[in-house]
$ cat upload.txt   # compact mmCIF, C-alpha atoms
# COMPACT_ATOMS: atom_id res chain seq x y z
CA MET T 8 64.43 45.11 22.96
CA PRO T 9 68.15 46.01 23.20
CA PHE T 10 70.03 43.01 21.75
CA PRO T 11 73.71 44.15 21.74
CA ASN T 12 74.73 41.29 19.42
CA GLY T 13 71.78 41.64 17.08
CA VAL T 14 68.37 39.98 16.96
CA PRO T 15 68.65 36.18 17.52
CA SER T 16 68.14 34.01 14.46
CA VAL T 17 64.98 32.01 13.91
CA SER T 18 66.89 28.82 14.77
CA THR T 19 68.12 30.25 18.09
CA MET T 20 64.65 31.47 19.02
CA SER T 21 63.18 28.09 18.05
CA ARG T 22 65.65 26.21 20.31
CA VAL T 23 64.94 28.52 23.25
CA LEU T 24 61.18 28.20 22.81
CA ALA T 25 61.44 24.41 22.47
CA ALA T 26 63.21 24.23 25.85
CA VAL T 27 60.29 25.95 27.61
CA ASP T 28 57.56 23.83 29.22
CA GLU T 29 54.66 24.81 26.96
CA GLU T 30 52.00 23.50 29.35
CA MET T 31 53.30 25.66 32.21
CA VAL T 32 53.40 28.71 29.95
CA SER T 33 49.82 27.99 28.90
CA LEU T 34 48.73 27.81 32.54
CA ALA T 35 50.57 31.09 33.17
CA LEU T 36 48.48 32.74 30.44
CA ILE T 37 45.26 31.40 31.97
CA ASN T 38 46.29 32.59 35.45
CA TRP T 39 47.33 36.02 34.15
CA ILE T 40 44.03 36.67 32.39
CA GLY T 41 42.12 35.14 35.32
CA GLU T 42 43.61 37.76 37.63
CA ILE T 43 42.59 40.75 35.50
CA LEU T 44 39.36 39.44 33.93
CA ASN T 45 36.66 37.58 35.84
CA PRO T 46 36.03 34.50 33.66
CA ARG T 47 32.71 33.68 35.31
CA GLY T 48 29.43 34.65 33.71
CA ILE T 49 30.91 35.63 30.34
CA HIS T 50 30.51 34.44 26.76
CA ILE T 51 33.44 32.14 25.86
CA ALA T 52 34.00 31.28 22.21
CA ILE T 53 36.14 28.20 21.45
CA ASP T 54 37.65 27.25 18.10
CA GLY T 55 40.74 25.58 16.65
CA LYS T 56 43.37 27.16 14.40
CA GLY T 57 46.07 25.55 12.28
CA LEU T 58 49.75 26.56 12.21
CA ARG T 59 50.13 25.81 8.52
CA ALA T 60 53.78 26.66 7.89
CA ALA T 61 54.87 24.79 11.04
CA ALA T 62 54.01 21.35 9.63
CA ARG T 63 56.92 18.99 8.89
CA LYS T 64 56.18 18.30 5.23
CA VAL T 65 59.14 15.92 4.82
CA ARG T 66 57.59 13.57 7.37
CA GLU T 67 54.10 14.13 5.92
CA GLU T 68 52.82 15.31 9.28
CA LYS T 69 49.39 16.91 9.54
CA THR T 70 49.04 20.64 10.13
CA PRO T 71 49.46 21.23 13.90
CA TYR T 72 46.40 22.71 15.58
CA ILE T 73 45.88 24.94 18.61
CA LEU T 74 42.55 25.19 20.46
CA ASN T 75 41.80 28.79 21.46
CA ALA T 76 39.27 30.28 23.89
CA ILE T 77 38.38 33.98 24.00
CA ASP T 78 36.07 36.30 25.87
CA ALA T 79 33.70 37.24 23.04
CA ALA T 80 32.98 40.73 24.43
CA SER T 81 36.56 41.98 24.78
CA GLY T 82 38.31 39.62 22.36
CA LEU T 83 40.86 38.67 25.03
CA VAL T 84 42.39 35.19 24.81
CA ILE T 85 41.67 33.37 28.06
CA GLY T 86 43.18 29.98 27.24
CA GLN T 87 45.04 27.80 24.75
CA LEU T 88 45.44 24.05 24.44
CA VAL T 89 47.66 22.19 22.01
CA ILE T 90 45.94 19.41 20.05
CA HIS T 91 48.55 16.66 20.11
CA GLY T 92 49.07 13.71 17.77
CA LYS T 93 45.93 11.79 16.89
CA ALA T 94 43.70 13.95 19.10
CA ASN T 95 41.18 16.34 17.55
CA GLU T 96 39.03 19.27 18.63
CA MET T 97 36.27 17.00 19.97
CA THR T 98 38.65 15.27 22.39
CA ALA T 99 40.62 18.44 23.25
CA ILE T 100 37.65 20.70 24.09
CA PRO T 101 36.73 18.87 27.35
CA GLU T 102 40.40 19.13 28.44
CA LEU T 103 40.41 22.89 27.83
CA LEU T 104 37.12 23.27 29.72
CA GLU T 105 38.74 21.60 32.74
CA LEU T 106 41.49 24.24 32.74
CA LEU T 107 39.14 27.23 32.47
CA GLU T 108 36.82 28.62 35.12
CA ILE T 109 33.50 28.48 33.22
CA GLU T 110 30.94 28.44 36.02
CA GLY T 111 28.02 30.63 34.96
CA SER T 112 29.55 31.30 31.53
CA THR T 113 28.03 30.47 28.15
CA ILE T 114 30.21 28.43 25.78
CA THR T 115 29.81 28.64 22.01
CA ILE T 116 31.51 26.19 19.65
CA ASP T 117 31.05 25.55 15.95
CA ALA T 118 29.48 22.36 14.59
CA ILE T 119 32.28 20.07 15.79
CA GLY T 120 31.25 20.71 19.41
CA ALA T 121 27.67 19.46 19.19
CA THR T 122 28.38 16.12 20.88
CA GLU T 123 26.95 14.63 24.03
CA ASN T 124 30.45 14.33 25.51
CA ILE T 125 31.11 18.07 25.17
CA MET T 126 27.63 19.01 26.41
CA ASN T 127 28.26 16.87 29.50
CA ALA T 128 31.67 18.47 30.04
CA ILE T 129 30.21 21.98 29.93
CA HIS T 130 27.35 21.03 32.24
CA ASP T 131 29.64 19.25 34.72
CA ASN T 132 31.83 22.37 34.99
CA GLY T 133 28.86 24.64 35.70
CA GLY T 134 28.61 26.28 32.28
CA GLU T 135 25.91 26.84 29.67
CA PHE T 136 26.19 26.26 25.94
CA VAL T 137 24.89 27.42 22.56
CA LEU T 138 26.14 24.97 19.92
CA GLN T 139 25.76 24.80 16.15
CA VAL T 140 24.42 21.55 14.74
CA LYS T 141 25.30 20.50 11.19
CA LYS T 142 25.33 17.28 9.22
CA ASN T 143 28.40 15.99 11.05
CA CYS T 144 25.88 15.22 13.85
CA PRO T 145 23.33 13.54 11.55
CA GLU T 146 20.85 12.28 14.15
CA LEU T 147 20.42 15.57 16.02
CA TYR T 148 20.55 17.59 12.79
CA ALA T 149 17.78 15.51 11.20
CA GLU T 150 15.68 15.74 14.38
CA LEU T 151 15.91 19.56 14.42
CA MET T 152 15.10 19.87 10.71
CA ARG T 153 12.01 17.66 11.12
CA LEU T 154 10.86 19.61 14.17
CA PHE T 155 10.99 23.00 12.46
CA GLU T 156 9.58 21.74 9.17
CA GLY T 157 6.58 20.53 11.16
CA LEU T 158 6.28 23.79 13.09
CA SER T 159 6.50 25.84 9.88
CA GLU T 160 3.82 23.71 8.25
CA ASP T 161 1.49 24.00 11.26
CA ARG T 162 1.99 27.75 11.39
CA GLU T 163 1.18 28.17 7.72
CA ASN T 164 -1.89 25.90 7.77
CA ASN T 165 -3.52 27.25 10.91
CA PRO T 166 -1.89 30.43 12.33
CA GLU T 167 -4.41 30.95 15.15
CA GLU T 168 -4.20 27.39 16.45
CA PHE T 169 -0.41 27.50 16.15
CA GLN T 170 -0.27 30.71 18.20
CA ASP T 171 -2.43 29.23 20.96
CA LYS T 172 -0.40 26.02 21.10
CA TYR T 173 3.17 27.20 20.49
CA GLY T 174 3.11 30.99 20.79
CA SER T 175 4.93 31.18 24.11
CA HIS T 176 7.60 28.70 22.98
CA TYR T 177 8.25 29.78 19.37
CA SER T 178 9.92 32.87 17.91
CA GLU T 179 11.65 34.09 14.74
CA ALA T 180 14.33 36.69 13.98
CA LYS T 181 15.86 38.02 10.76
CA THR T 182 18.89 40.14 9.89
CA GLU T 183 20.13 41.67 6.65
CA GLU T 184 23.48 43.39 6.20
CA LYS T 185 26.29 44.17 3.78
CA ASN T 186 29.59 42.73 4.97
CA ARG T 187 32.60 43.74 2.85
CA GLU T 188 31.86 42.54 -0.69
CA ARG T 189 28.75 40.49 -0.01
CA TYR T 190 25.20 40.70 1.29
CA GLU T 191 24.27 38.40 4.18
CA TYR T 192 20.76 37.30 5.12
CA ARG T 193 19.97 35.28 8.25
CA THR T 194 16.72 33.79 9.52
CA VAL T 195 16.50 32.00 12.87
CA GLN T 196 13.60 30.04 14.32
CA SER T 197 13.64 29.12 18.00
CA TYR T 198 11.59 26.63 20.01
CA SER T 199 11.90 26.52 23.80
CA ASP T 200 10.11 23.78 25.70
CA PRO T 201 12.59 22.43 28.29
CA GLY T 202 10.29 19.69 29.51
CA GLY T 203 9.55 18.23 26.09
CA ILE T 204 13.06 18.63 24.69
CA GLN T 205 14.95 17.30 27.70
CA GLU T 206 12.96 14.08 27.67
CA ARG T 207 15.00 13.17 24.58
CA ARG T 208 18.08 15.41 24.92
CA PRO T 209 19.43 16.02 28.45
CA TYR T 210 20.66 19.56 29.18
CA ILE T 211 19.05 21.06 26.03
CA ALA T 212 16.39 23.66 26.85
CA SER T 213 16.10 25.47 23.50
CA VAL T 214 16.64 24.47 19.91
CA GLY T 215 16.79 26.49 16.73
CA ARG T 216 17.03 26.32 12.98
CA ALA T 217 18.93 28.97 11.03
CA LYS T 218 19.21 29.75 7.33
CA GLN T 219 22.18 31.79 6.16
CA VAL T 220 22.51 33.16 2.63
CA ARG T 221 25.60 34.97 1.32
CA ILE T 222 25.38 36.85 -1.99
CA MET T 223 28.54 38.27 -3.59
CA GLN T 224 28.17 41.85 -4.73
CA ILE T 225 28.01 42.40 -8.51
CA GLN T 226 28.61 45.72 -10.29
CA ASP T 227 28.14 46.67 -13.93
CA ASP T 228 30.71 48.51 -16.09
CA ARG T 229 29.64 51.84 -14.59
CA GLY T 230 29.98 50.69 -11.01
CA ASN T 231 26.25 50.33 -10.37
CA ASP T 232 25.20 47.61 -7.94
CA ILE T 233 23.28 44.92 -9.85
CA THR T 234 23.36 42.23 -7.14
CA PRO T 235 20.14 40.17 -7.23
CA CYS T 236 17.74 40.34 -4.30
CA LEU T 237 17.38 37.41 -1.91
CA VAL T 238 14.36 35.88 -3.69
CA GLY T 239 15.93 36.29 -7.11
CA PHE T 240 19.21 34.75 -5.95
CA LEU T 241 17.51 31.69 -4.47
CA GLU T 242 15.47 31.17 -7.64
CA GLU T 243 18.08 31.96 -10.31
CA GLY T 244 21.49 32.31 -8.68
CA SER T 245 23.85 35.03 -10.00
CA LYS T 246 26.75 35.50 -12.41
CA LYS T 247 29.27 34.84 -9.64
CA GLN T 248 27.26 32.13 -7.90
CA PRO T 249 25.28 29.90 -10.29
CA LYS T 250 22.26 28.15 -8.84
CA ARG T 251 23.07 24.69 -7.52
CA ALA T 252 21.19 21.67 -8.85
CA ALA T 253 18.47 20.28 -6.59
CA GLU T 254 20.40 17.05 -6.03
CA GLU T 255 23.48 19.01 -4.89
CA GLY T 256 21.59 20.56 -2.01
CA MET T 257 22.54 23.85 -0.39
CA GLY T 258 26.20 24.87 -0.29
CA ASN T 259 28.11 27.53 1.63
CA ASP T 260 26.27 30.26 -0.25
CA ALA T 261 22.97 29.17 1.29
CA GLU T 262 22.84 26.69 4.14
CA TRP T 263 20.64 25.41 6.92
CA PHE T 264 22.05 24.54 10.32
CA GLY T 265 20.64 23.81 13.75
CA LEU T 266 21.25 25.35 17.17
CA ALA T 267 21.10 23.73 20.59
CA ALA T 268 21.18 25.70 23.86
CA SER T 269 21.18 24.64 27.49
CA LYS T 270 19.05 27.62 28.52
CA VAL T 271 15.81 29.11 27.28
CA LEU T 272 16.59 31.52 24.44
CA ASN T 273 14.40 33.21 21.87
CA ALA T 274 15.43 33.50 18.22
CA GLU T 275 16.96 36.96 18.60
CA GLU T 276 19.12 35.80 21.52
CA MET T 277 20.28 32.73 19.60
CA LEU T 278 21.20 34.89 16.63
CA LYS T 279 23.28 37.21 18.85
CA TYR T 280 25.25 34.29 20.28
CA LYS T 281 25.80 32.95 16.78
CA ARG T 282 27.10 36.30 15.52
CA LYS T 283 29.29 37.00 18.56
CA HIS T 284 30.89 33.56 18.33
CA TRP T 285 32.70 34.60 15.15
CA ALA T 286 34.69 37.18 17.11
CA ILE T 287 37.22 34.37 17.51
CA GLU T 288 37.70 34.31 13.73
CA ASN T 289 37.41 38.03 13.01
CA ARG T 290 39.17 39.46 16.07
CA LEU T 291 41.71 36.74 16.91
CA HIS T 292 42.57 34.33 14.09
CA TYR T 293 42.54 37.01 11.38
CA VAL T 294 44.80 39.30 13.45
CA LEU T 295 47.20 36.46 14.31
CA ASP T 296 47.70 35.76 10.60
CA GLU T 297 47.60 39.27 9.15
CA THR T 298 49.43 41.21 11.88
CA PHE T 299 51.57 38.60 13.65
CA GLY T 300 52.22 36.38 10.61
CA GLU T 301 51.28 33.17 12.42
CA ASP T 302 50.21 31.26 9.32
CA LYS T 303 53.60 31.96 7.70
CA SER T 304 55.77 31.14 10.70
CA THR T 305 58.12 28.22 9.98
CA ILE T 306 59.15 27.71 13.63
CA LYS T 307 58.56 24.02 14.33
CA LEU T 308 60.23 22.95 17.59
CA GLY T 309 58.83 25.82 19.65
CA LYS T 310 55.71 26.50 17.57
CA ASN T 311 53.23 26.02 20.43
CA THR T 312 55.05 28.31 22.84
CA MET T 313 55.52 30.89 20.07
CA SER T 314 51.79 30.77 19.36
CA LEU T 315 51.09 31.45 23.01
CA LEU T 316 53.55 34.37 23.15
CA ARG T 317 51.77 35.90 20.15
CA LYS T 318 48.54 35.72 22.14
CA CYS T 319 50.19 37.45 25.10
CA ALA T 320 51.21 40.28 22.77
CA TYR T 321 47.75 40.25 21.21
CA ASN T 322 46.14 40.53 24.67
CA ILE T 323 48.34 43.50 25.58
CA VAL T 324 47.19 45.25 22.41
CA ARG T 325 43.53 44.53 23.21
CA LEU T 326 44.00 45.76 26.80
CA LEU T 327 45.47 49.03 25.52
CA GLN T 328 42.53 49.42 23.14
CA MET T 329 40.09 48.88 26.00
CA GLU T 330 41.90 51.35 28.25
CA ASN T 331 41.71 54.15 25.72
CA PRO T 332 39.40 53.17 22.84
CA GLU T 333 39.24 56.68 21.36
CA GLY T 334 42.91 57.63 21.65
CA GLN T 335 44.41 54.40 20.28
CA GLY T 336 44.97 53.82 16.60
CA GLY T 337 45.09 50.53 14.73
CA ILE T 338 46.87 47.44 15.97
CA PRO T 339 50.15 48.19 14.09
CA ASP T 340 50.21 51.69 15.62
CA ILE T 341 49.77 50.27 19.13
CA ILE T 342 52.55 47.73 18.53
CA ASP T 343 54.87 50.56 17.42
CA ASN T 344 54.05 52.54 20.56
CA VAL T 345 54.81 49.56 22.80
CA CYS T 346 58.09 48.89 20.98
CA ASP T 347 59.10 52.53 21.54
CA ASN T 348 58.20 52.38 25.24
CA LEU T 349 58.00 48.90 26.81
CA LYS T 350 56.52 50.35 30.02
CA ILE T 351 53.26 50.93 28.11
CA GLY T 352 52.91 47.21 27.52
CA LEU T 353 54.26 46.03 30.87
CA GLN T 354 51.68 48.01 32.85
CA MET T 355 48.91 46.04 31.14
CA ILE T 356 50.26 42.76 32.51
CA PHE T 357 49.42 43.76 36.07
CA SER T 358 46.45 46.13 35.73
CA PRO T 359 42.91 44.85 36.29
CA ILE T 360 40.36 45.63 33.58
CA PRO T 361 36.64 46.41 33.93
CA SER T 362 34.05 43.86 32.96
CA ARG T 363 32.46 44.30 29.53
CA TYR T 364 29.20 42.60 30.59

$ encode --input "upload.txt" --output "structure tokens"
Amino acid sequence: MPFPNGVPSVSTMSRVLAAVDEEMVSLALINWIGEILNPRGIHIAIDGKGLRAAARKVREEKTPYILNAIDAASGLVIGQLVIHGKANEMTAIPELLELLEIEGSTITIDAIGATENIMNAIHDNGGEFVLQVKKNCPELYAELMRLFEGLSEDRENNPEEFQDKYGSHYSEAKTEEKNRERYEYRTVQSYSDPGGIQERRPYIASVGRAKQVRIMQIQDDRGNDITPCLVGFLEEGSKKQPKRAAEEGMGNDAEWFGLAASKVLNAEEMLKYKRKHWAIENRLHYVLDETFGEDKSTIKLGKNTMSLLRKCAYNIVRLLQMENPEGQGGIPDIIDNVCDNLKIGLQMIFSPIPSRY
């Protein structure tokens, strides 16, 4: 923009941003996206992100956190909520759900969201959920592990009887892929019996158990791939990832986790929701840090408003990509084009976009 006296300093920008009502700006973002994207009946991924360089280290304050919500299909940010003081993601998520229009939409949250309070909040606002369940929810996690251990044992001991009894309620799905410098293997089991499950867990219609294994790629001196196969890795480990002792349990390289859904889903559908949820990490949080430098920003007084303005810029970039997916280049190229001609970016603030569903 044409600043005749030069670009304002970081301190000046920080004071201006600190004077803005951050809650009103956040509502403005929600209203803006709500006018160009129908938030009903979509897949909404919710996750928190730290503003690491914005922490006041002299006062030993914790890293400030922002709760983000995106449309998983388009990657557009549809809402932000600041996590204040002693609050955490578990207490902030219901507040964000109240601000968003989630009727008919499916909400995905990582393991911190698998609480009865959050399930109730989603249900009360007319939404559905697919939540990960890990050991931070010990009772539900243990219940799911026992259920699927029993189902696996029954299936192995008597396949025909298992099929007659559980065939219409049970399914499995597997995926195998190379992602950057590692191989990823996923197996998901699903059990859908709304009547039996909801007797113990209100609102849950399907449950699942997933196993995820990540194997780092290994090459020899000639560049040949010598990465062990899945069976070999689980039995022996690898040079980069030694096998863990039995008493240590499974780590991040190989882990079990549960899934809980409010609607009937088979294993393949659960796996798709699980994979699409990470769009919030890959498409939003990564871009905010790598392209917009959010993790390095030292703005403290106006950090929350600055975070939201980054998301407005991010949304404009995503809207331009959606408008012309073949003609647009990478994100830095789009940012350069908008800087050269502001009208390109301004038109996206008022133009409706087609649904991606």

$ residues_near_point --input "upload.txt" --point "(19.9, 30.3, 1.4)" --cutoff "7 Å" --atoms "all atoms listed in the file" --output "list of chain:residue names"
T:Lys218, T:Gln219, T:Val220, T:Leu241, T:Asp260, T:Ala261, T:Glu262

$ atom_distance --input "upload.txt" --atom1 "CA of Asn289 (chain T)" --atom2 "CA of Arg325 (chain T)"
13.6 Å

$ residues_around --input "upload.txt" --residues "Val89 (chain T)" --least-positions-apart "2" --cutoff "9 Å" --atoms "all atoms listed in the file" --output "compact mmCIF listing (two decimals) with C-alpha atoms, keeping the file's coordinate frame"
# COMPACT_ATOMS: atom_id res chain seq x y z
CA GLU T 29 54.66 24.81 26.96
CA GLU T 30 52.00 23.50 29.35
CA PRO T 71 49.46 21.23 13.90
CA TYR T 72 46.40 22.71 15.58
CA ILE T 73 45.88 24.94 18.61
CA LEU T 74 42.55 25.19 20.46
CA ASN T 75 41.80 28.79 21.46
CA GLN T 87 45.04 27.80 24.75
CA HIS T 91 48.55 16.66 20.11
CA ALA T 99 40.62 18.44 23.25
CA ASN T 311 53.23 26.02 20.43

$ closest_residue --input "upload.txt" --among "T:Gly215, T:Pro101, T:Pro15, T:Pro209" --to "Leu151 (chain T)" --atoms "all atoms listed in the file"
T:Gly215

$ atom_distance --input "upload.txt" --atom1 "CA of Glu42 (chain T)" --atom2 "CA of Glu102 (chain T)"
21.0 Å

$ closest_residue --input "upload.txt" --among "T:Cys236, T:Lys281, T:Gln170, T:Ile225" --to "Thr194 (chain T)" --atoms "all atoms listed in the file"
T:Lys281

$ atom_distance --input "upload.txt" --atom1 "CA of Arg193 (chain T)" --atom2 "CA of Lys279 (chain T)"
11.3 Å

$ residues_around --input "upload.txt" --residues "Glu276 (chain T)" --least-positions-apart "6" --cutoff "12 Å" --atoms "all atoms listed in the file" --output "PyMOL selection string"
chain T and resi 137+178-181+195-199+213-215+266+268+270+282-283

$ write_last_selection --input "upload.txt" --atoms "C-alpha atoms" --output "short mmCIF file (atom, residue, chain, number, x, y, z; two decimals), keeping the file's coordinate frame"
data_model
loop_
_atom_site.label_atom_id
_atom_site.label_comp_id
_atom_site.auth_asym_id
_atom_site.auth_seq_id
_atom_site.Cartn_x
_atom_site.Cartn_y
_atom_site.Cartn_z
CA VAL T 137 24.89 27.42 22.56
CA SER T 178 9.92 32.87 17.91
CA GLU T 179 11.65 34.09 14.74
CA ALA T 180 14.33 36.69 13.98
CA LYS T 181 15.86 38.02 10.76
CA VAL T 195 16.50 32.00 12.87
CA GLN T 196 13.60 30.04 14.32
CA SER T 197 13.64 29.12 18.00
CA TYR T 198 11.59 26.63 20.01
CA SER T 199 11.90 26.52 23.80
CA SER T 213 16.10 25.47 23.50
CA VAL T 214 16.64 24.47 19.91
CA GLY T 215 16.79 26.49 16.73
CA LEU T 266 21.25 25.35 17.17
CA ALA T 268 21.18 25.70 23.86
CA LYS T 270 19.05 27.62 28.52
CA ARG T 282 27.10 36.30 15.52
CA LYS T 283 29.29 37.00 18.56
#

$ residues_around --input "upload.txt" --residues "Arg47 (chain T)" --least-positions-apart "4" --cutoff "8 Å" --atoms "only C-alpha atoms" --output "list in words"
Glu108, Ile109, Glu110, Gly111 and Ser112 of chain T
